[in-house]
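Notes to accompany the following structure.
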Amino acid sequence: MILMAVCYLIRFFSSPIKISEIDIFDIKIDRAGVTVIISFDLINEIPDQPPIKWMKGYNRCRCGINCGGVSQMKIEGVSPSMPAKININKNDSHVEINNVGDDINMYLQCMHVQLMGPSVYISN
């Protein structure tokens, strides 16, 4: 699962990246399928071999994870900027996701995780 995400991202980065520091943009909870989608910007990681169709001059890279079959969730804190460390661990029967930062503490337990993105944009 995580290996597939790394293989997908290698198309946009000339060397493997470690997704550990993120800036959480939004968290969407959907009762249908008990799904949580977390969108985030990578911190200090910008694709260095982008597709030709991408704009020039971008300085932010947005990715996300789609967490399906969520059985547990806990969120504490919120702010306009939410840098955090992300840790994803696969256990025998589920996946655990921890996002911990100064302004947010989030824990999820789900059945599967799918990487979304990347996309890029220009931020001031």
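Please note that chains go A, B, ... in the order of the structure tokens, that every chain numbers its residues from 1, and that ligands are numbered from 1 in the order shown.
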
Which residues of stretch 61-121 of chain A sit at most 12 Å from stretch 30-35 of chain A, using only C-alpha atoms? Give each one's shortest atom pair and distance in Å (one decimal place), in chain and ascending residue order, as CSV.
residue,atom,partner,partner_atom,distance
A:Ile65,CA,A:Thr35,CA,10.3
A:Asn66,CA,A:Thr35,CA,7.1
A:Cys67,CA,A:Thr35,CA,5.6
A:Gly68,CA,A:Thr35,CA,4.6
A:Gly69,CA,A:Val34,CA,5.3
A:Val70,CA,A:Val34,CA,5.5
A:Ser71,CA,A:Val34,CA,7.8
A:Gln72,CA,A:Val34,CA,10.1
A:Met73,CA,A:Thr35,CA,10.7
A:Leu108,CA,A:Thr35,CA,10.5
A:Gln109,CA,A:Thr35,CA,10.8
A:Cys110,CA,A:Thr35,CA,8.6
A:Met111,CA,A:Thr35,CA,10.0
A:His112,CA,A:Thr35,CA,9.9
A:Val113,CA,A:Thr35,CA,9.9
A:Gln114,CA,A:Thr35,CA,11.1

Discussion item. Based on the backbone DSSP call, show me all residues of chain A assigned strand (DSSP E), as a VMD selection string.
Written reply: chain A and resid 21 to 30 35 to 42 60 to 68 72 to 76 82 to 90 95 to 100 105 to 110 112 to 121

Worksheet entry | From A:Leu9, A:Val95, A:Ile24, A:Val78, residue lying nearest A:Ile46 [only C-alpha atoms] |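 Of the candidates, the smallest distance to A:Ile46 is held by A:Leu9.
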
Worksheet item: From the list A:Ala84, A:Ile17, A:Cys61, A:Ile75, which residue is nearest A:Pro118 when using only C-alpha atoms?
Response: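 Of A:Ala84, A:Ile17, A:Cys61, A:Ile75, the one nearest A:Pro118 is A:Cys61, counting only C-alpha atoms.
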
Fill in: Distance query A:Asn105 at most 7 Å, only C-alpha atoms, self and fewer than 3 positions along chain excluded, as a VMD selection string
chain A and resid 75 to 77 99 to 101

Keeping N, CA, C and O atoms, export the residues of the selection given above as a PDB file, in the first residue's frame.
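Once everything was written out, this is part08.pdb:
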ATOM      1  N   ILE A  75     -10.008  13.738  16.878  1.00  0.00           N
ATOM      2  CA  ILE A  75      -9.363  14.966  16.425  1.00  0.00           C
ATOM      3  C   ILE A  75      -9.404  15.974  17.564  1.00  0.00           C
ATOM      4  O   ILE A  75     -10.465  16.216  18.141  1.00  0.00           O
ATOM      5  N   GLU A  76      -8.256  16.548  17.873  1.00  0.00           N
ATOM      6  CA  GLU A  76      -8.163  17.623  18.862  1.00  0.00           C
ATOM      7  C   GLU A  76      -7.417  18.789  18.239  1.00  0.00           C
ATOM      8  O   GLU A  76      -6.342  18.610  17.668  1.00  0.00           O
ATOM      9  N   GLY A  77      -7.997  19.969  18.309  1.00  0.00           N
ATOM     10  CA  GLY A  77      -7.341  21.181  17.843  1.00  0.00           C
ATOM     11  C   GLY A  77      -7.611  21.496  16.391  1.00  0.00           C
ATOM     12  O   GLY A  77      -7.912  20.624  15.585  1.00  0.00           O
ATOM     13  N   ASN A  99      -1.578  12.011  13.009  1.00  0.00           N
ATOM     14  CA  ASN A  99      -1.112  13.334  12.599  1.00  0.00           C
ATOM     15  C   ASN A  99      -0.943  14.144  13.875  1.00  0.00           C
ATOM     16  O   ASN A  99      -1.920  14.410  14.573  1.00  0.00           O
ATOM     17  N   VAL A 100       0.292  14.512  14.184  1.00  0.00           N
ATOM     18  CA  VAL A 100       0.562  15.221  15.425  1.00  0.00           C
ATOM     19  C   VAL A 100       1.325  16.503  15.129  1.00  0.00           C
ATOM     20  O   VAL A 100       2.368  16.480  14.469  1.00  0.00           O
ATOM     21  N   GLY A 101       0.785  17.622  15.602  1.00  0.00           N
ATOM     22  CA  GLY A 101       1.432  18.921  15.451  1.00  0.00           C
ATOM     23  C   GLY A 101       1.131  19.783  16.652  1.00  0.00           C
ATOM     24  O   GLY A 101       0.417  19.361  17.576  1.00  0.00           O
TER      25      GLY A 101
END

Worksheet entry | Residues near A:Gly64, cut-off 6 Å, only C-alpha atoms, skip fewer than 6 positions along chain, as an MDAnalysis selection string | chainID A and resid 38:40 115:116

Distance query stretch 51-55 of chain A at most 9 Å, only C-alpha atoms, self and fewer than 5 positions along chain excluded, as an mmCIF file with all heavy atoms, in the first residue's frame:
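What ended up in part25.cif:
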data_model
loop_
_atom_site.group_PDB
_atom_site.id
_atom_site.type_symbol
_atom_site.label_atom_id
_atom_site.label_comp_id
_atom_site.auth_asym_id
_atom_site.auth_seq_id
_atom_site.Cartn_x
_atom_site.Cartn_y
_atom_site.Cartn_z
ATOM 1 N N ARG A 11 7.241 9.125 -10.136
ATOM 2 C CA ARG A 11 7.052 9.698 -11.478
ATOM 3 C C ARG A 11 7.260 11.205 -11.477
ATOM 4 O O ARG A 11 7.592 11.785 -12.498
ATOM 5 C CB ARG A 11 5.644 9.393 -11.993
ATOM 6 C CG ARG A 11 5.408 7.939 -12.212
ATOM 7 C CD ARG A 11 4.063 7.585 -12.759
ATOM 8 N NE ARG A 11 3.127 8.675 -12.889
ATOM 9 C CZ ARG A 11 1.834 8.526 -13.067
ATOM 10 N NH1 ARG A 11 1.321 7.322 -13.117
ATOM 11 N NH2 ARG A 11 1.042 9.551 -13.191
ATOM 12 N N PHE A 12 7.051 11.859 -10.338
ATOM 13 C CA PHE A 12 7.126 13.315 -10.248
ATOM 14 C C PHE A 12 8.372 13.814 -9.519
ATOM 15 O O PHE A 12 8.688 14.995 -9.566
ATOM 16 C CB PHE A 12 5.880 13.863 -9.540
ATOM 17 C CG PHE A 12 4.610 13.410 -10.199
ATOM 18 C CD1 PHE A 12 3.871 12.362 -9.685
ATOM 19 C CD2 PHE A 12 4.166 14.015 -11.361
ATOM 20 C CE1 PHE A 12 2.700 11.939 -10.300
ATOM 21 C CE2 PHE A 12 3.000 13.600 -11.985
ATOM 22 C CZ PHE A 12 2.267 12.551 -11.451
ATOM 23 N N SER A 119 -0.837 17.360 -6.825
ATOM 24 C CA SER A 119 -1.100 18.509 -7.687
ATOM 25 C C SER A 119 -0.234 19.622 -7.137
ATOM 26 O O SER A 119 0.288 19.534 -6.027
ATOM 27 C CB SER A 119 -2.583 18.889 -7.658
ATOM 28 O OG SER A 119 -2.982 19.263 -6.359
ATOM 29 N N VAL A 120 -0.054 20.680 -7.916
ATOM 30 C CA VAL A 120 0.803 21.770 -7.492
ATOM 31 C C VAL A 120 0.064 23.099 -7.661
ATOM 32 O O VAL A 120 -0.887 23.200 -8.429
ATOM 33 C CB VAL A 120 2.125 21.799 -8.287
ATOM 34 C CG1 VAL A 120 2.966 20.580 -7.964
ATOM 35 C CG2 VAL A 120 1.885 21.903 -9.777
ATOM 36 N N TYR A 121 0.527 24.109 -6.923
ATOM 37 C CA TYR A 121 -0.041 25.440 -7.049
ATOM 38 C C TYR A 121 0.962 26.464 -6.548
ATOM 39 O O TYR A 121 2.006 26.118 -5.995
ATOM 40 C CB TYR A 121 -1.378 25.540 -6.305
ATOM 41 C CG TYR A 121 -1.293 25.439 -4.804
ATOM 42 C CD1 TYR A 121 -1.318 26.574 -4.007
ATOM 43 C CD2 TYR A 121 -1.218 24.200 -4.162
ATOM 44 C CE1 TYR A 121 -1.259 26.492 -2.629
ATOM 45 C CE2 TYR A 121 -1.165 24.108 -2.792
ATOM 46 C CZ TYR A 121 -1.185 25.261 -2.028
ATOM 47 O OH TYR A 121 -1.131 25.166 -0.651
#

Worksheet item: Contacts of A:Lys85 at 12 Å or less, counting only C-alpha atoms, minus same-chain residues fewer than 3 places along, as a VMD selection string?
Response: chain A and resid 18 to 24 40 to 43 82 88 97 to 107

Expected file contents, prior selection, N, CA and C atoms, as a PDB file, in the first residue's frame:
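After the write, result-v1.pdb holds the following:
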ATOM      1  N   LYS A  18      10.241  11.052   1.446  1.00  0.00           N
ATOM      2  CA  LYS A  18       9.613  10.517   2.638  1.00  0.00           C
ATOM      3  C   LYS A  18       8.527  11.492   3.058  1.00  0.00           C
ATOM      4  N   ILE A  19       7.301  11.014   3.069  1.00  0.00           N
ATOM      5  CA  ILE A  19       6.197  11.871   3.489  1.00  0.00           C
ATOM      6  C   ILE A  19       6.070  11.740   4.999  1.00  0.00           C
ATOM      7  N   SER A  20       6.613  12.718   5.703  1.00  0.00           N
ATOM      8  CA  SER A  20       6.533  12.689   7.158  1.00  0.00           C
ATOM      9  C   SER A  20       6.052  14.021   7.721  1.00  0.00           C
ATOM     10  N   GLU A  21       6.437  15.121   7.075  1.00  0.00           N
ATOM     11  CA  GLU A  21       5.987  16.441   7.521  1.00  0.00           C
ATOM     12  C   GLU A  21       5.000  16.992   6.512  1.00  0.00           C
ATOM     13  N   ILE A  22       3.816  17.345   7.013  1.00  0.00           N
ATOM     14  CA  ILE A  22       2.751  17.841   6.150  1.00  0.00           C
ATOM     15  C   ILE A  22       2.133  19.083   6.769  1.00  0.00           C
ATOM     16  N   ASP A  23       1.374  19.812   5.963  1.00  0.00           N
ATOM     17  CA  ASP A  23       0.571  20.942   6.432  1.00  0.00           C
ATOM     18  C   ASP A  23      -0.864  20.611   6.037  1.00  0.00           C
ATOM     19  N   ILE A  24      -1.679  20.222   7.008  1.00  0.00           N
ATOM     20  CA  ILE A  24      -3.048  19.765   6.746  1.00  0.00           C
ATOM     21  C   ILE A  24      -3.879  20.928   6.232  1.00  0.00           C
ATOM     22  N   PHE A  40      -3.457  17.598   2.189  1.00  0.00           N
ATOM     23  CA  PHE A  40      -2.331  18.262   2.842  1.00  0.00           C
ATOM     24  C   PHE A  40      -1.284  18.674   1.821  1.00  0.00           C
ATOM     25  N   ASP A  41      -0.490  19.663   2.207  1.00  0.00           N
ATOM     26  CA  ASP A  41       0.668  20.070   1.419  1.00  0.00           C
ATOM     27  C   ASP A  41       1.885  19.383   1.993  1.00  0.00           C
ATOM     28  N   LEU A  42       2.768  18.936   1.113  1.00  0.00           N
ATOM     29  CA  LEU A  42       4.044  18.399   1.565  1.00  0.00           C
ATOM     30  C   LEU A  42       4.910  19.564   2.021  1.00  0.00           C
ATOM     31  N   ILE A  43       5.629  19.405   3.091  1.00  0.00           N
ATOM     32  CA  ILE A  43       6.537  20.439   3.578  1.00  0.00           C
ATOM     33  C   ILE A  43       7.924  20.147   3.030  1.00  0.00           C
ATOM     34  N   MET A  82      -1.831  24.128   9.993  1.00  0.00           N
ATOM     35  CA  MET A  82      -1.719  22.923  10.808  1.00  0.00           C
ATOM     36  C   MET A  82      -0.582  22.021  10.351  1.00  0.00           C
ATOM     37  N   ILE A  88       1.940   6.500   9.294  1.00  0.00           N
ATOM     38  CA  ILE A  88       0.966   5.504   8.848  1.00  0.00           C
ATOM     39  C   ILE A  88       1.538   4.123   9.117  1.00  0.00           C
ATOM     40  N   ILE A  97      -3.388   5.818  11.454  1.00  0.00           N
ATOM     41  CA  ILE A  97      -2.820   7.070  10.966  1.00  0.00           C
ATOM     42  C   ILE A  97      -2.795   8.055  12.120  1.00  0.00           C
ATOM     43  N   ASN A  98      -1.613   8.612  12.378  1.00  0.00           N
ATOM     44  CA  ASN A  98      -1.451   9.633  13.408  1.00  0.00           C
ATOM     45  C   ASN A  98      -0.921  10.896  12.760  1.00  0.00           C
ATOM     46  N   ASN A  99      -1.578  12.011  13.009  1.00  0.00           N
ATOM     47  CA  ASN A  99      -1.112  13.334  12.599  1.00  0.00           C
ATOM     48  C   ASN A  99      -0.943  14.144  13.875  1.00  0.00           C
ATOM     49  N   VAL A 100       0.292  14.512  14.184  1.00  0.00           N
ATOM     50  CA  VAL A 100       0.562  15.221  15.425  1.00  0.00           C
ATOM     51  C   VAL A 100       1.325  16.503  15.129  1.00  0.00           C
ATOM     52  N   GLY A 101       0.785  17.622  15.602  1.00  0.00           N
ATOM     53  CA  GLY A 101       1.432  18.921  15.451  1.00  0.00           C
ATOM     54  C   GLY A 101       1.131  19.783  16.652  1.00  0.00           C
ATOM     55  N   ASP A 102       1.632  21.012  16.643  1.00  0.00           N
ATOM     56  CA  ASP A 102       1.386  21.920  17.761  1.00  0.00           C
ATOM     57  C   ASP A 102      -0.094  22.248  17.908  1.00  0.00           C
ATOM     58  N   ASP A 103      -0.824  22.327  16.768  1.00  0.00           N
ATOM     59  CA  ASP A 103      -2.221  22.755  16.797  1.00  0.00           C
ATOM     60  C   ASP A 103      -3.222  21.664  16.456  1.00  0.00           C
ATOM     61  N   ILE A 104      -2.738  20.458  16.180  1.00  0.00           N
ATOM     62  CA  ILE A 104      -3.663  19.362  15.856  1.00  0.00           C
ATOM     63  C   ILE A 104      -3.091  18.038  16.350  1.00  0.00           C
ATOM     64  N   ASN A 105      -3.990  17.200  16.793  1.00  0.00           N
ATOM     65  CA  ASN A 105      -3.662  15.830  17.166  1.00  0.00           C
ATOM     66  C   ASN A 105      -4.796  14.982  16.609  1.00  0.00           C
ATOM     67  N   MET A 106      -4.471  14.134  15.645  1.00  0.00           N
ATOM     68  CA  MET A 106      -5.505  13.349  14.972  1.00  0.00           C
ATOM     69  C   MET A 106      -5.094  11.889  14.910  1.00  0.00           C
ATOM     70  N   TYR A 107      -6.047  11.017  15.216  1.00  0.00           N
ATOM     71  CA  TYR A 107      -5.820   9.580  15.138  1.00  0.00           C
ATOM     72  C   TYR A 107      -6.961   8.967  14.335  1.00  0.00           C
TER      73      TYR A 107
END

Practice prompt. Check chain A with DSSP on the backbone and list each residue it calls alpha helix (DSSP H), as a list of chain:residue names.
Written response: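 DSSP-assigned alpha helix (DSSP H) residues in chain A: A:Ile2, A:Leu3, A:Met4, A:Ala5, A:Val6, A:Cys7, A:Tyr8, A:Leu9.
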
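Atom CA of A:Lys90 lies 21.5 Å from atom CA of A:Ile10.
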